[in-house]
Amino acid sequence: MKEVNLLARYPRAKRNVKARLVNKEENRAIAMKFGREYFDGPREQGYGGYRYDGRWIPIAEDIVKHFKLKPGDRVLDIGCGKGFLVKDLMKICPGLEAFGLDISEYAVLNCEPEVVGRLHVGNATRLPFPDDSFRAVISINTIHNLDRAGCIQALKEMQRLAPGKGYVQVDAYRNPEERKVFEDWMLTARTYGMPDDWREILQEAAYTGDYFWTILEIDPEWVIR
Ligand SMILES: C[S@@+](CC[C@H](N)C(=O)[O-])C[C@H]1O[C@@H](n2cnc3c(N)ncnc32)[C@H](O)[C@@H]1O
């Protein structure tokens, strides 16, 4: 199990934290349905338009390198949304058998054309695939949307499908200032904490794959109180 940032080349987004604070509870309830509003509605309710722009290509390159993926290998992206990473993994490694799973029927119904038939609607806590059936399983910014018991279950499922060959990334903060920015910004997370809280969860799940944190670093432009 090792801490490694496979999203190091993911671009940093501009975030208007102040706008998120308006009607927060109402927007949070809408976002947590993971429907059209979350992906393609206003920014206050989610992504504000979730469109393919190639930003996952460098991440796909790093994933392929990290797991030494080759044509014919099966890889699963849990919480795949519309399948941007699944598409780019296959672009970077032609012949790779990449698949995705997401709780959002909206995302799967509006997926990239290249991944039609490769995405499944389902819950990270119950993956409908046999034991040890993937060369690698990835889950980026997804399992923190479950409660603590659900996170442990989802990690066990990743471990079951690809023992020691997982990569999970979850929301975290390192100090009270980062926690405040995170809580003001986030819409859908149910479980979050410091890296050590997450390490405890990983251990409880007997997860032996790799992991990293999504930490919203404080930018003075965002923090408008
Ligand atoms: C923040 S988005 C991340 C999407 C993509 N992995 C990325 O990093 O851009 C969270 C995704 O997790 C999905 N999701 C939320 N809860 C889930 C669950 N219990 N099982 C599977 N997918 C879930 C949502 O529909 C959404 O696509």
# chains A, B, ... in the order shown; residues from 1 in each chain; ligands from 1
$ closest_atom_pairs --of "chain A" --to "ligand 1" --cutoff "7 Å" --atoms "only C-alpha atoms and all ligand atoms" --output "tab-separated table"
residue	atom	partner	partner_atom_place_in_ligand_line	distance
A:Phe34	CA	ligand 1	25 (O)	4.9
A:Ile78	CA	ligand 1	21 (C)	6.0
A:Gly79	CA	ligand 1	12 (O)	3.9
A:Cys80	CA	ligand 1	6 (N)	4.7
A:Gly81	CA	ligand 1	27 (O)	3.6
A:Leu101	CA	ligand 1	21 (C)	6.3
A:Asp102	CA	ligand 1	22 (N)	3.8
A:Ile103	CA	ligand 1	22 (N)	4.1
A:Ser104	CA	ligand 1	25 (O)	4.5
A:Ala107	CA	ligand 1	27 (O)	6.7
A:Gly122	CA	ligand 1	21 (C)	5.9
A:Asn123	CA	ligand 1	20 (N)	3.6
A:Ala124	CA	ligand 1	20 (N)	3.8
A:Thr125	CA	ligand 1	19 (N)	6.4
A:Ser139	CA	ligand 1	6 (N)	6.3
A:Ile140	CA	ligand 1	6 (N)	4.4
A:Asn141	CA	ligand 1	3 (C)	5.0
A:Thr142	CA	ligand 1	12 (O)	4.2
A:Ile143	CA	ligand 1	17 (C)	6.4
A:Asn145	CA	ligand 1	16 (N)	5.2
A:Leu146	CA	ligand 1	19 (N)	5.9
$ write_last_selection --atoms "C-alpha atoms" --output "PDB file, in the first residue's frame"
ATOM      1  CA  PHE A  34     -26.104  12.659  -9.174  1.00  0.00           C
ATOM      2  CA  ILE A  78     -15.415   3.173 -10.120  1.00  0.00           C
ATOM      3  CA  GLY A  79     -17.318   6.470 -10.136  1.00  0.00           C
ATOM      4  CA  CYS A  80     -16.483   6.889 -13.804  1.00  0.00           C
ATOM      5  CA  GLY A  81     -19.053   9.641 -14.530  1.00  0.00           C
ATOM      6  CA  LEU A 101     -19.180   1.877 -13.034  1.00  0.00           C
ATOM      7  CA  ASP A 102     -21.201   4.766 -11.672  1.00  0.00           C
ATOM      8  CA  ILE A 103     -24.306   5.229  -9.551  1.00  0.00           C
ATOM      9  CA  SER A 104     -25.592   7.862 -11.999  1.00  0.00           C
ATOM     10  CA  ALA A 107     -23.912   9.968 -16.539  1.00  0.00           C
ATOM     11  CA  GLY A 122     -24.145   0.401  -9.984  1.00  0.00           C
ATOM     12  CA  ASN A 123     -22.932   1.130  -6.488  1.00  0.00           C
ATOM     13  CA  ALA A 124     -19.273   1.097  -5.424  1.00  0.00           C
ATOM     14  CA  THR A 125     -20.336  -0.983  -2.410  1.00  0.00           C
ATOM     15  CA  SER A 139     -11.734   5.157  -7.896  1.00  0.00           C
ATOM     16  CA  ILE A 140     -11.238   8.905  -7.977  1.00  0.00           C
ATOM     17  CA  ASN A 141     -13.188  11.281  -5.745  1.00  0.00           C
ATOM     18  CA  THR A 142     -16.088   8.865  -5.389  1.00  0.00           C
ATOM     19  CA  ILE A 143     -16.127   6.680  -2.285  1.00  0.00           C
ATOM     20  CA  ASN A 145     -19.796  10.061  -1.068  1.00  0.00           C
ATOM     21  CA  LEU A 146     -20.637   7.010   1.063  1.00  0.00           C
TER      22      LEU A 146
END
$ select_by_dssp --residues "region 35-128 of chain A" --states "strand (DSSP E or B)" --output "MDAnalysis selection string"
chainID A and resid 74:78 97:102 119:121
$ closest_atom_pairs --of "region 116-208 of chain A" --to "region 39-56 of chain A" --cutoff "10 Å" --atoms "only C-alpha atoms" --output "Markdown table"
| residue | atom | partner | partner_atom | distance |
| --- | --- | --- | --- | --- |
| A:Trp185 | CA | A:Glu44 | CA | 9.3 |
| A:Met186 | CA | A:Gly46 | CA | 9.1 |
| A:Leu187 | CA | A:Gly46 | CA | 7.3 |
| A:Thr188 | CA | A:Gly46 | CA | 8.8 |
$ select_by_dssp --residues "region 141-207 of chain A" --states "helix (DSSP H, G or I)" --output "number ranges by chain"
A: 143-145, 148-161, 176-185, 195-204
$ residues_around --residues "Gln203 (chain A)" --least-positions-apart "5" --cutoff "10 Å" --atoms "only C-alpha atoms" --output "ChimeraX atom specification"
/A:1,152,155,198,208
$ write_last_selection --atoms "all heavy atoms" --output "PDB file, in the first residue's frame"
ATOM      1  N   MET A   1       0.866  -1.202   0.000  1.00  0.00           N
ATOM      2  CA  MET A   1       0.000   0.000   0.000  1.00  0.00           C
ATOM      3  C   MET A   1       0.887   1.232   0.000  1.00  0.00           C
ATOM      4  O   MET A   1       1.735   1.378   0.871  1.00  0.00           O
ATOM      5  CB  MET A   1      -0.869  -0.043   1.264  1.00  0.00           C
ATOM      6  CG  MET A   1      -1.864   1.062   1.368  1.00  0.00           C
ATOM      7  SD  MET A   1      -3.294   0.601   2.382  1.00  0.00           S
ATOM      8  CE  MET A   1      -2.709   0.801   4.033  1.00  0.00           C
ATOM      9  N   ILE A 152     -15.767   1.593   3.722  1.00  0.00           N
ATOM     10  CA  ILE A 152     -15.023   0.360   4.024  1.00  0.00           C
ATOM     11  C   ILE A 152     -15.478  -0.756   3.084  1.00  0.00           C
ATOM     12  O   ILE A 152     -14.660  -1.481   2.509  1.00  0.00           O
ATOM     13  CB  ILE A 152     -15.194  -0.019   5.513  1.00  0.00           C
ATOM     14  CG1 ILE A 152     -14.457   1.035   6.359  1.00  0.00           C
ATOM     15  CG2 ILE A 152     -14.696  -1.430   5.803  1.00  0.00           C
ATOM     16  CD1 ILE A 152     -14.649   0.921   7.843  1.00  0.00           C
ATOM     17  N   LEU A 155     -14.015  -0.172  -0.390  1.00  0.00           N
ATOM     18  CA  LEU A 155     -12.581  -0.516  -0.440  1.00  0.00           C
ATOM     19  C   LEU A 155     -12.387  -2.029  -0.463  1.00  0.00           C
ATOM     20  O   LEU A 155     -11.516  -2.551  -1.167  1.00  0.00           O
ATOM     21  CB  LEU A 155     -11.856   0.095   0.766  1.00  0.00           C
ATOM     22  CG  LEU A 155     -11.704   1.615   0.697  1.00  0.00           C
ATOM     23  CD1 LEU A 155     -11.394   2.189   2.074  1.00  0.00           C
ATOM     24  CD2 LEU A 155     -10.622   2.011  -0.305  1.00  0.00           C
ATOM     25  N   TRP A 198      -8.273   8.686   7.144  1.00  0.00           N
ATOM     26  CA  TRP A 198      -8.450   7.826   5.966  1.00  0.00           C
ATOM     27  C   TRP A 198      -7.558   6.584   6.052  1.00  0.00           C
ATOM     28  O   TRP A 198      -7.980   5.489   5.666  1.00  0.00           O
ATOM     29  CB  TRP A 198      -8.154   8.594   4.676  1.00  0.00           C
ATOM     30  CG  TRP A 198      -9.318   9.397   4.204  1.00  0.00           C
ATOM     31  CD1 TRP A 198      -9.406  10.753   4.144  1.00  0.00           C
ATOM     32  CD2 TRP A 198     -10.578   8.891   3.721  1.00  0.00           C
ATOM     33  NE1 TRP A 198     -10.640  11.123   3.653  1.00  0.00           N
ATOM     34  CE2 TRP A 198     -11.374  10.009   3.390  1.00  0.00           C
ATOM     35  CE3 TRP A 198     -11.106   7.613   3.554  1.00  0.00           C
ATOM     36  CZ2 TRP A 198     -12.670   9.879   2.883  1.00  0.00           C
ATOM     37  CZ3 TRP A 198     -12.402   7.485   3.049  1.00  0.00           C
ATOM     38  CH2 TRP A 198     -13.165   8.605   2.725  1.00  0.00           C
ATOM     39  N   THR A 208      -5.024  -2.992   0.321  1.00  0.00           N
ATOM     40  CA  THR A 208      -3.565  -2.957   0.138  1.00  0.00           C
ATOM     41  C   THR A 208      -3.151  -2.263  -1.163  1.00  0.00           C
ATOM     42  O   THR A 208      -1.993  -2.346  -1.579  1.00  0.00           O
ATOM     43  CB  THR A 208      -2.947  -4.382   0.175  1.00  0.00           C
ATOM     44  OG1 THR A 208      -3.506  -5.141  -0.909  1.00  0.00           O
ATOM     45  CG2 THR A 208      -3.227  -5.088   1.493  1.00  0.00           C
TER      46      THR A 208
END
$ closest_residue --among "A:Glu217, A:Glu204, A:Asp210, A:Glu114" --to "Glu178 (chain A)" --atoms "only C-alpha atoms"
A:Glu217
$ residues_around --residues "Pro113 (chain A)" --least-positions-apart "3" --cutoff "10 Å" --atoms "only C-alpha atoms" --output "VMD selection string"
chain A and resid 82 to 83 87 110 116 to 117
$ atom_distance --atom1 "CA of Pro58 (chain A)" --atom2 "CA of Ala8 (chain A)"
9.1 Å
$ residues_around --residues "Val75 (chain A)" --least-positions-apart "2" --cutoff "8 Å" --atoms "only C-alpha atoms" --output "list in words"
Asp73, Asp77, Leu96, Glu97, Ala98, Phe99, Phe134, Arg135, Ala136, Val137 and Ile138 of chain A
$ write_last_selection --atoms "C-alpha atoms" --output "JSON list (two decimals), in the first residue's frame"
[["chain", "number", "residue", "atom", "x", "y", "z"],
["A", 73, "ASP", "CA", -5.64, -6.12, -19.45],
["A", 77, "ASP", "CA", -12.94, 3.00, -13.01],
["A", 96, "LEU", "CA", -6.73, -2.15, -23.09],
["A", 97, "GLU", "CA", -10.12, -3.40, -21.86],
["A", 98, "ALA", "CA", -11.29, -0.43, -19.79],
["A", 99, "PHE", "CA", -14.68, -0.32, -18.05],
["A", 134, "PHE", "CA", -9.20, -6.86, -13.08],
["A", 135, "ARG", "CA", -5.55, -5.94, -13.53],
["A", 136, "ALA", "CA", -6.30, -2.66, -11.72],
["A", 137, "VAL", "CA", -9.25, -0.82, -10.19],
["A", 138, "ILE", "CA", -9.36, 2.93, -9.81]]
$ atom_distance --atom1 "CA of Lys24 (chain A)" --atom2 "CA of Ala172 (chain A)"
19.9 Å
$ residues_around --residues "Met194 (chain A)" --least-positions-apart "5" --cutoff "9 Å" --atoms "only C-alpha atoms" --output "PDB file with C-alpha atoms, in the first residue's frame"
ATOM      1  CA  ASP A 171     -11.310  14.279  -0.159  1.00  0.00           C
ATOM      2  CA  ALA A 172      -9.188  15.264   2.816  1.00  0.00           C
ATOM      3  CA  TYR A 173      -7.770  18.289   4.643  1.00  0.00           C
ATOM      4  CA  ARG A 174      -4.671  18.794   6.767  1.00  0.00           C
ATOM      5  CA  ASN A 175      -5.654  21.619   9.113  1.00  0.00           C
ATOM      6  CA  ARG A 179     -11.296  21.947   6.546  1.00  0.00           C
ATOM      7  CA  ARG A 199      -5.435   5.614   6.685  1.00  0.00           C
TER       8      ARG A 199
END
$ closest_residue --among "A:Phe182, A:Trp213, A:Tyr207, A:Phe129" --to "Val170 (chain A)" --atoms "only C-alpha atoms"
A:Trp213
$ decode --residues "region 131-144 of chain A" --atoms "N, CA, C and O atoms" --output "mmCIF file, in the first residue's frame"
data_model
loop_
_atom_site.group_PDB
_atom_site.id
_atom_site.type_symbol
_atom_site.label_atom_id
_atom_site.label_comp_id
_atom_site.auth_asym_id
_atom_site.auth_seq_id
_atom_site.Cartn_x
_atom_site.Cartn_y
_atom_site.Cartn_z
ATOM 1 N N ASP A 131 -14.193 -12.180 -8.329
ATOM 2 C CA ASP A 131 -12.957 -11.921 -7.575
ATOM 3 C C ASP A 131 -11.773 -11.892 -8.536
ATOM 4 O O ASP A 131 -11.717 -12.683 -9.493
ATOM 5 N N ASP A 132 -10.828 -11.037 -8.235
ATOM 6 C CA ASP A 132 -9.538 -11.003 -8.927
ATOM 7 C C ASP A 132 -9.687 -10.949 -10.457
ATOM 8 O O ASP A 132 -8.962 -11.628 -11.185
ATOM 9 N N SER A 133 -10.661 -10.160 -10.921
ATOM 10 C CA SER A 133 -10.948 -10.187 -12.360
ATOM 11 C C SER A 133 -10.408 -8.972 -13.119
ATOM 12 O O SER A 133 -10.579 -8.882 -14.332
ATOM 13 N N PHE A 134 -9.761 -8.044 -12.412
ATOM 14 C CA PHE A 134 -9.201 -6.863 -13.080
ATOM 15 C C PHE A 134 -7.720 -6.720 -12.757
ATOM 16 O O PHE A 134 -7.273 -7.065 -11.663
ATOM 17 N N ARG A 135 -6.983 -6.198 -13.729
ATOM 18 C CA ARG A 135 -5.548 -5.939 -13.526
ATOM 19 C C ARG A 135 -5.370 -4.750 -12.583
ATOM 20 O O ARG A 135 -4.412 -4.674 -11.836
ATOM 21 N N ALA A 136 -6.332 -3.814 -12.625
ATOM 22 C CA ALA A 136 -6.303 -2.664 -11.721
ATOM 23 C C ALA A 136 -7.711 -2.096 -11.572
ATOM 24 O O ALA A 136 -8.508 -2.177 -12.511
ATOM 25 N N VAL A 137 -7.993 -1.548 -10.388
ATOM 26 C CA VAL A 137 -9.254 -0.816 -10.192
ATOM 27 C C VAL A 137 -8.918 0.567 -9.629
ATOM 28 O O VAL A 137 -8.052 0.704 -8.774
ATOM 29 N N ILE A 138 -9.635 1.543 -10.149
ATOM 30 C CA ILE A 138 -9.356 2.935 -9.809
ATOM 31 C C ILE A 138 -10.643 3.561 -9.313
ATOM 32 O O ILE A 138 -11.718 3.271 -9.844
ATOM 33 N N SER A 139 -10.545 4.421 -8.309
ATOM 34 C CA SER A 139 -11.734 5.157 -7.896
ATOM 35 C C SER A 139 -11.308 6.552 -7.447
ATOM 36 O O SER A 139 -10.619 6.706 -6.434
ATOM 37 N N ILE A 140 -11.703 7.532 -8.217
ATOM 38 C CA ILE A 140 -11.238 8.905 -7.977
ATOM 39 C C ILE A 140 -12.398 9.782 -7.500
ATOM 40 O O ILE A 140 -13.409 9.931 -8.198
ATOM 41 N N ASN A 141 -12.231 10.327 -6.326
ATOM 42 C CA ASN A 141 -13.188 11.281 -5.745
ATOM 43 C C ASN A 141 -14.623 10.745 -5.748
ATOM 44 O O ASN A 141 -15.561 11.461 -6.105
ATOM 45 N N THR A 142 -14.778 9.525 -5.355
ATOM 46 C CA THR A 142 -16.088 8.865 -5.389
ATOM 47 C C THR A 142 -16.496 8.257 -4.058
ATOM 48 O O THR A 142 -17.594 8.531 -3.565
ATOM 49 N N ILE A 143 -15.620 7.456 -3.435
ATOM 50 C CA ILE A 143 -16.127 6.680 -2.285
ATOM 51 C C ILE A 143 -16.424 7.552 -1.072
ATOM 52 O O ILE A 143 -17.183 7.153 -0.197
ATOM 53 N N HIS A 144 -15.864 8.775 -1.026
ATOM 54 C CA HIS A 144 -16.192 9.663 0.113
ATOM 55 C C HIS A 144 -17.665 10.104 0.067
ATOM 56 O O HIS A 144 -18.142 10.736 0.998
#
